[in-house]
Amino acid sequence: MAISLEGVGSSAKSPATASGSTANTSVTTTAGTSPSPIGGEKNEQNTHKADWDMFWADESAEKHPSGPSVALSELLEDHRWLLPKGRCLVAGCGNGHDAIYLSRRGVNCVGIDFCEAAIEKAQQRQLWAETYARIIVPQGTLIVLLYPLIHRGGSPPYSVTMEECEHYLKRFFVLVRVDPNCRCIEGQEGNEIILARMNSVPKTANSASSDDYNSFWTDLWDNKNTPWDKGDVSPALRELISEKKWQLPSGRGLVPGCGCGYDAMFLASPSLHMTGADISPIAVENANKLRDEKQIPADLVEFKELDFFNFDVPDGKYQVAYDYTFFCALHPSMRAKWGKRFGEIISSGGHLIALMFPLDKLPENRDVGPPFLLSEEEYHKVLDDNFELIHIDPKCKTHSDRAGLEIITVWRRK
Ligand SMILES: C[S@@+](CC[C@H](N)C(=O)[O-])C[C@H]1O[C@@H](n2cnc3c(N)ncnc32)[C@H](O)[C@@H]1O
């Protein structure tokens, strides 16, 4: 398994000084000559880089000891998390101990310095997160050992907080593991947190029913990582039905991507039999448990482990379906298939209630998610062939942190 440690930066005196080889590890050090990859003013860059050059040149400066980070070895050796196979980058690898350690555990590792992990400016930290999102494969994992948490003044290594890290990474990565009590290098107790985040863009976003896409969701449920779950019926749906803004039909209803099933349970009645469908067996189990706790009869609402794009539709189809946080859970390339599928499964004259979320007119970051940002236009594009919009309420009630991001709509199957 190969590892290379490379210096990058205009006049980089590479701090990566490790060299040599073992039976399965070869270590090479290259002092790069390319311009710095980090944006920002050149002078700021030079000063920043000079600070780091000084740090590495200063024999008395506190540096990491001669082995890998204790928290990293604990994470892997106690099997708290399984290191995937493939390629691994250690940015800001310093003297390369962590990169060497990871390569010995079977990944193809590249360590680079000079050093995005220690950059000072918020703008650069944003770039740091974006760069990782670009270079880590979908569903690949970023391990961050946050250090130093304790503020120590204006020189490197610059302090970092969990909140900052969260702020920059959450847009691209789903938190799968965090250990604020991780084992630390002696004397650094309280100064380190280790966390692992998974790149949240599904691996094969182009194929709606692929095993990979589905396992992305089941993994989230398996890891109890369900940040979208509000624990209750969506206020807009409750308002639409309870305040009789639109008359719910009778017959059969479906909520795909139902999660814990709050909305399906709310819609169920003796005249409307509801099915909540989810790809995750854990979601279905949770929904069934909740229905039993609420003592809602099982013949009014059932929960099934189903792939929305691939299941047998009952004779007579569905008279109503409800979509909330399912459209935005799908990669934009899957949207046309979503619209077509609703056209297939809703009977003529039946209805689709679509609670649009998260609405955003800005053109940026539209292929980053889930949730993937949306506009009204995007619903029209994929529904207009088979549906006509019959109700829209841009002032609908919302969850408090989703105000301005939701519009409830009802569409009639032509
Ligand atoms: C963002 S969550 C929303 C859950 C629920 N609607 C809520 O608001 O709490 C998206 C849900 O869609 C499910 N899902 C993803 N792909 C699916 C598919 N092809 N068929 C059925 N469910 C799917 C996921 O397991 C997840 O529970």
# chains A, B, ... in the order shown; residues from 1 in each chain; ligands from 1

call {"tool": "residues_around", "arguments": {"residues": "A:Asn288", "least_positions_apart": "4", "cutoff": "9 Å", "atoms": "only C-alpha atoms", "output": "PyMOL selection string"}}
result
chain A and resi 260-261+283-284+292-293+298+302-303

call {"tool": "write_last_selection", "arguments": {"atoms": "N, CA and C atoms", "output": "CSV table (one decimal), in the first residue's frame"}}
result
chain,number,residue,atom,x,y,z
A,260,CYS,N,-40.9,8.3,10.2
A,260,CYS,CA,-41.6,7.7,11.3
A,260,CYS,C,-43.1,7.8,11.2
A,261,GLY,N,-43.6,8.3,10.1
A,261,GLY,CA,-45.0,8.1,9.7
A,261,GLY,C,-46.0,9.1,10.3
A,283,ALA,N,-37.0,2.7,9.8
A,283,ALA,CA,-38.1,3.7,9.7
A,283,ALA,C,-39.4,3.0,9.8
A,284,VAL,N,-39.6,1.9,9.1
A,284,VAL,CA,-40.9,1.2,9.1
A,284,VAL,C,-41.2,0.7,10.5
A,292,ASP,N,-48.7,2.0,17.2
A,292,ASP,CA,-49.3,1.1,18.3
A,292,ASP,C,-49.3,2.0,19.6
A,293,GLU,N,-48.3,2.8,19.8
A,293,GLU,CA,-48.3,3.6,21.0
A,293,GLU,C,-49.5,4.6,21.0
A,298,ALA,N,-54.4,-0.7,13.2
A,298,ALA,CA,-53.6,-1.1,12.0
A,298,ALA,C,-54.3,-1.2,10.7
A,302,GLU,N,-51.0,1.4,7.4
A,302,GLU,CA,-49.9,0.4,7.5
A,302,GLU,C,-48.6,1.0,7.0
A,303,PHE,N,-47.5,0.5,7.5
A,303,PHE,CA,-46.2,0.9,7.1
A,303,PHE,C,-45.5,-0.3,6.5

call {"tool": "residues_near_ligand", "arguments": {"ligand": "ligand 1", "cutoff": "6 Å", "atoms": "only C-alpha atoms and all ligand atoms", "output": "list in words"}}
result
Ser209, Asn214, Trp217, Thr218, Trp228, Asp229, Pro256, Gly257, Cys258, Gly259, Ala277, Asp278, Ile279, Ser280, Leu306, Asp307, Phe308, Phe309, Tyr324, Thr325, Phe326 and Ala329 of chain A

call {"tool": "write_last_selection", "arguments": {"atoms": "C-alpha atoms", "output": "mmCIF file, in the first residue's frame"}}
result
data_model
loop_
_atom_site.group_PDB
_atom_site.id
_atom_site.type_symbol
_atom_site.label_atom_id
_atom_site.label_comp_id
_atom_site.auth_asym_id
_atom_site.auth_seq_id
_atom_site.Cartn_x
_atom_site.Cartn_y
_atom_site.Cartn_z
ATOM 1 C CA SER A 209 -33.511 2.484 -7.341
ATOM 2 C CA ASN A 214 -31.000 3.088 -0.945
ATOM 3 C CA TRP A 217 -30.720 6.158 3.506
ATOM 4 C CA THR A 218 -30.798 2.887 5.393
ATOM 5 C CA TRP A 228 -34.866 16.002 9.306
ATOM 6 C CA ASP A 229 -37.258 14.296 11.742
ATOM 7 C CA PRO A 256 -43.552 7.674 0.181
ATOM 8 C CA GLY A 257 -40.392 8.264 2.227
ATOM 9 C CA CYS A 258 -42.661 8.375 5.269
ATOM 10 C CA GLY A 259 -39.927 8.150 7.931
ATOM 11 C CA ALA A 277 -43.680 3.510 2.555
ATOM 12 C CA ASP A 278 -40.006 3.769 3.355
ATOM 13 C CA ILE A 279 -36.895 2.107 2.033
ATOM 14 C CA SER A 280 -35.520 1.714 5.547
ATOM 15 C CA LEU A 306 -40.969 -0.337 -0.141
ATOM 16 C CA ASP A 307 -38.934 1.343 -2.808
ATOM 17 C CA PHE A 308 -41.174 4.090 -4.191
ATOM 18 C CA PHE A 309 -39.797 3.558 -7.677
ATOM 19 C CA TYR A 324 -42.815 16.077 2.074
ATOM 20 C CA THR A 325 -39.015 16.003 2.318
ATOM 21 C CA PHE A 326 -38.997 13.116 -0.154
ATOM 22 C CA ALA A 329 -34.193 13.837 -0.649
#

call {"tool": "residues_around", "arguments": {"residues": "A:Tyr379", "least_positions_apart": "2", "cutoff": "9 Å", "atoms": "only C-alpha atoms", "output": "list in words"}}
result
Arg335, Gly339, Ala354, Met356, Leu374, Ser375, Glu376, Glu377, Lys381, Val382, Leu383 and Asp384 of chain A

call {"tool": "residues_around", "arguments": {"residues": "A:Lys395", "least_positions_apart": "5", "cutoff": "9 Å", "atoms": "only C-alpha atoms", "output": "JSON, numbers by chain"}}
result
{"A": [404, 406, 407, 408]}

call {"tool": "atom_distance", "arguments": {"atom1": "atom CA of A:Thr275", "atom2": "atom CA of A:Ala336"}}
result
23.0 Å

call {"tool": "closest_residue", "arguments": {"among": "A:Leu142, A:Val110, A:Val70, A:Ile345", "to": "A:Asn310", "atoms": "only C-alpha atoms"}}
result
A:Ile345

call {"tool": "atom_distance", "arguments": {"atom1": "atom CA of A:Asp263", "atom2": "atom CA of A:Leu355"}}
result
11.5 Å

call {"tool": "closest_residue", "arguments": {"among": "A:Ala99, A:Leu267, A:Ala91, A:Ala71", "to": "A:Glu192", "atoms": "only C-alpha atoms"}}
result
A:Ala71

call {"tool": "decode", "arguments": {"residues": "stretch 121-243 of chain A", "atoms": "C-alpha atoms", "output": "PDB file, in the first residue's frame"}}
result
ATOM      1  CA  LYS A 121      -9.557  32.839   7.831  1.00  0.00           C
ATOM      2  CA  ALA A 122     -13.215  31.833   7.794  1.00  0.00           C
ATOM      3  CA  GLN A 123     -13.222  32.156   4.019  1.00  0.00           C
ATOM      4  CA  GLN A 124     -10.400  29.669   3.883  1.00  0.00           C
ATOM      5  CA  ARG A 125     -12.191  27.305   6.218  1.00  0.00           C
ATOM      6  CA  GLN A 126     -15.176  27.393   3.873  1.00  0.00           C
ATOM      7  CA  LEU A 127     -12.840  26.476   1.053  1.00  0.00           C
ATOM      8  CA  TRP A 128     -11.359  23.769   3.213  1.00  0.00           C
ATOM      9  CA  ALA A 129     -14.850  22.173   3.584  1.00  0.00           C
ATOM     10  CA  GLU A 130     -15.727  22.623  -0.089  1.00  0.00           C
ATOM     11  CA  THR A 131     -12.466  21.069  -1.178  1.00  0.00           C
ATOM     12  CA  TYR A 132     -13.080  17.988   0.912  1.00  0.00           C
ATOM     13  CA  ALA A 133     -16.639  17.741  -0.465  1.00  0.00           C
ATOM     14  CA  ARG A 134     -15.206  17.773  -3.985  1.00  0.00           C
ATOM     15  CA  ILE A 135     -12.445  15.263  -3.484  1.00  0.00           C
ATOM     16  CA  ILE A 136     -14.087  12.706  -1.194  1.00  0.00           C
ATOM     17  CA  VAL A 137     -16.277  10.268  -3.102  1.00  0.00           C
ATOM     18  CA  PRO A 138     -20.005  10.326  -2.371  1.00  0.00           C
ATOM     19  CA  GLN A 139     -20.568   8.344   0.831  1.00  0.00           C
ATOM     20  CA  GLY A 140     -16.846   8.474   1.486  1.00  0.00           C
ATOM     21  CA  THR A 141     -15.829   9.578   4.958  1.00  0.00           C
ATOM     22  CA  LEU A 142     -13.932  12.532   6.319  1.00  0.00           C
ATOM     23  CA  ILE A 143     -12.374  12.013   9.744  1.00  0.00           C
ATOM     24  CA  VAL A 144     -11.610  15.261  11.547  1.00  0.00           C
ATOM     25  CA  LEU A 145      -9.571  15.367  14.724  1.00  0.00           C
ATOM     26  CA  LEU A 146     -10.432  18.842  15.949  1.00  0.00           C
ATOM     27  CA  TYR A 147      -7.429  20.426  17.618  1.00  0.00           C
ATOM     28  CA  PRO A 148      -6.701  22.758  19.355  1.00  0.00           C
ATOM     29  CA  LEU A 149     -10.062  23.554  20.936  1.00  0.00           C
ATOM     30  CA  ILE A 150      -8.446  25.792  23.525  1.00  0.00           C
ATOM     31  CA  HIS A 151      -7.719  29.273  22.214  1.00  0.00           C
ATOM     32  CA  ARG A 152      -4.036  30.056  22.274  1.00  0.00           C
ATOM     33  CA  GLY A 153      -3.637  33.387  20.479  1.00  0.00           C
ATOM     34  CA  GLY A 154      -3.175  34.465  16.900  1.00  0.00           C
ATOM     35  CA  SER A 155      -0.501  32.111  15.651  1.00  0.00           C
ATOM     36  CA  PRO A 156      -0.722  28.604  14.292  1.00  0.00           C
ATOM     37  CA  PRO A 157      -2.060  26.143  15.127  1.00  0.00           C
ATOM     38  CA  TYR A 158      -5.227  28.272  15.129  1.00  0.00           C
ATOM     39  CA  SER A 159      -7.940  27.211  17.540  1.00  0.00           C
ATOM     40  CA  VAL A 160     -11.126  25.665  16.185  1.00  0.00           C
ATOM     41  CA  THR A 161     -14.496  24.874  17.753  1.00  0.00           C
ATOM     42  CA  MET A 162     -16.998  22.105  17.162  1.00  0.00           C
ATOM     43  CA  GLU A 163     -19.555  24.769  16.118  1.00  0.00           C
ATOM     44  CA  GLU A 164     -17.251  26.146  13.436  1.00  0.00           C
ATOM     45  CA  CYS A 165     -16.502  22.714  12.097  1.00  0.00           C
ATOM     46  CA  GLU A 166     -20.233  21.934  12.078  1.00  0.00           C
ATOM     47  CA  HIS A 167     -20.957  25.209  10.308  1.00  0.00           C
ATOM     48  CA  TYR A 168     -18.605  24.527   7.424  1.00  0.00           C
ATOM     49  CA  LEU A 169     -19.094  20.798   6.982  1.00  0.00           C
ATOM     50  CA  LYS A 170     -22.794  20.183   7.557  1.00  0.00           C
ATOM     51  CA  ARG A 171     -23.775  21.380   4.093  1.00  0.00           C
ATOM     52  CA  PHE A 172     -21.767  18.571   2.514  1.00  0.00           C
ATOM     53  CA  PHE A 173     -21.271  15.899   5.138  1.00  0.00           C
ATOM     54  CA  VAL A 174     -23.569  13.971   7.450  1.00  0.00           C
ATOM     55  CA  LEU A 175     -22.244  13.439  10.964  1.00  0.00           C
ATOM     56  CA  VAL A 176     -21.862   9.717  11.598  1.00  0.00           C
ATOM     57  CA  ARG A 177     -19.674   9.654  14.679  1.00  0.00           C
ATOM     58  CA  VAL A 178     -18.449  12.146  17.247  1.00  0.00           C
ATOM     59  CA  ASP A 179     -16.493  11.492  20.410  1.00  0.00           C
ATOM     60  CA  PRO A 180     -15.813  14.529  22.616  1.00  0.00           C
ATOM     61  CA  ASN A 181     -14.274  12.193  25.185  1.00  0.00           C
ATOM     62  CA  CYS A 182     -11.803  10.595  22.818  1.00  0.00           C
ATOM     63  CA  ARG A 183      -8.447   9.516  24.185  1.00  0.00           C
ATOM     64  CA  CYS A 184      -5.952  12.352  23.798  1.00  0.00           C
ATOM     65  CA  ILE A 185      -2.238  12.906  23.696  1.00  0.00           C
ATOM     66  CA  GLU A 186      -1.085  13.404  27.269  1.00  0.00           C
ATOM     67  CA  GLY A 187      -1.628  16.980  28.354  1.00  0.00           C
ATOM     68  CA  GLN A 188      -4.189  17.660  25.592  1.00  0.00           C
ATOM     69  CA  GLU A 189      -7.270  16.467  27.494  1.00  0.00           C
ATOM     70  CA  GLY A 190     -10.230  18.686  26.596  1.00  0.00           C
ATOM     71  CA  ASN A 191      -8.321  20.041  23.635  1.00  0.00           C
ATOM     72  CA  GLU A 192      -9.404  17.458  21.034  1.00  0.00           C
ATOM     73  CA  ILE A 193     -12.632  15.986  19.620  1.00  0.00           C
ATOM     74  CA  ILE A 194     -12.693  13.317  16.945  1.00  0.00           C
ATOM     75  CA  LEU A 195     -15.529  13.061  14.467  1.00  0.00           C
ATOM     76  CA  ALA A 196     -16.384  11.277  11.253  1.00  0.00           C
ATOM     77  CA  ARG A 197     -18.646  12.685   8.579  1.00  0.00           C
ATOM     78  CA  MET A 198     -19.959  10.999   5.477  1.00  0.00           C
ATOM     79  CA  ASN A 199     -20.162  12.820   2.160  1.00  0.00           C
ATOM     80  CA  SER A 200     -23.910  13.098   1.796  1.00  0.00           C
ATOM     81  CA  VAL A 201     -24.280  13.069  -1.962  1.00  0.00           C
ATOM     82  CA  PRO A 202     -25.537   9.603  -2.863  1.00  0.00           C
ATOM     83  CA  LYS A 203     -23.025   7.527  -4.776  1.00  0.00           C
ATOM     84  CA  THR A 204     -25.173   6.670  -7.775  1.00  0.00           C
ATOM     85  CA  ALA A 205     -27.566   9.556  -7.800  1.00  0.00           C
ATOM     86  CA  ASN A 206     -28.453   8.929 -11.416  1.00  0.00           C
ATOM     87  CA  SER A 207     -30.218   5.651 -10.837  1.00  0.00           C
ATOM     88  CA  ALA A 208     -33.189   6.037  -8.575  1.00  0.00           C
ATOM     89  CA  SER A 209     -33.511   2.484  -7.341  1.00  0.00           C
ATOM     90  CA  SER A 210     -29.874   1.606  -7.064  1.00  0.00           C
ATOM     91  CA  ASP A 211     -28.773  -0.371  -4.040  1.00  0.00           C
ATOM     92  CA  ASP A 212     -26.184   2.290  -3.307  1.00  0.00           C
ATOM     93  CA  TYR A 213     -28.683   5.111  -3.125  1.00  0.00           C
ATOM     94  CA  ASN A 214     -31.000   3.088  -0.945  1.00  0.00           C
ATOM     95  CA  SER A 215     -28.213   2.013   1.377  1.00  0.00           C
ATOM     96  CA  PHE A 216     -27.304   5.679   1.848  1.00  0.00           C
ATOM     97  CA  TRP A 217     -30.720   6.158   3.506  1.00  0.00           C
ATOM     98  CA  THR A 218     -30.798   2.887   5.393  1.00  0.00           C
ATOM     99  CA  ASP A 219     -27.340   3.698   6.796  1.00  0.00           C
ATOM    100  CA  LEU A 220     -28.648   7.007   8.127  1.00  0.00           C
ATOM    101  CA  TRP A 221     -31.522   5.232   9.876  1.00  0.00           C
ATOM    102  CA  ASP A 222     -29.201   2.503  11.164  1.00  0.00           C
ATOM    103  CA  ASN A 223     -26.951   5.198  12.665  1.00  0.00           C
ATOM    104  CA  LYS A 224     -29.934   7.066  14.162  1.00  0.00           C
ATOM    105  CA  ASN A 225     -28.832   9.998  12.046  1.00  0.00           C
ATOM    106  CA  THR A 226     -32.212  11.523  11.115  1.00  0.00           C
ATOM    107  CA  PRO A 227     -31.831  15.295  11.532  1.00  0.00           C
ATOM    108  CA  TRP A 228     -34.866  16.002   9.306  1.00  0.00           C
ATOM    109  CA  ASP A 229     -37.258  14.296  11.742  1.00  0.00           C
ATOM    110  CA  LYS A 230     -39.483  16.901  13.434  1.00  0.00           C
ATOM    111  CA  GLY A 231     -41.322  14.390  15.611  1.00  0.00           C
ATOM    112  CA  ASP A 232     -44.749  15.607  14.492  1.00  0.00           C
ATOM    113  CA  VAL A 233     -47.174  16.211  11.608  1.00  0.00           C
ATOM    114  CA  SER A 234     -46.106  19.050   9.334  1.00  0.00           C
ATOM    115  CA  PRO A 235     -48.024  22.219  10.340  1.00  0.00           C
ATOM    116  CA  ALA A 236     -48.930  23.004   6.703  1.00  0.00           C
ATOM    117  CA  LEU A 237     -50.616  19.610   6.219  1.00  0.00           C
ATOM    118  CA  ARG A 238     -52.487  19.893   9.511  1.00  0.00           C
ATOM    119  CA  GLU A 239     -53.707  23.352   8.521  1.00  0.00           C
ATOM    120  CA  LEU A 240     -54.744  22.244   5.008  1.00  0.00           C
ATOM    121  CA  ILE A 241     -56.898  19.395   6.303  1.00  0.00           C
ATOM    122  CA  SER A 242     -58.072  20.569   9.741  1.00  0.00           C
ATOM    123  CA  GLU A 243     -59.010  24.050   8.543  1.00  0.00           C
TER     124      GLU A 243
END
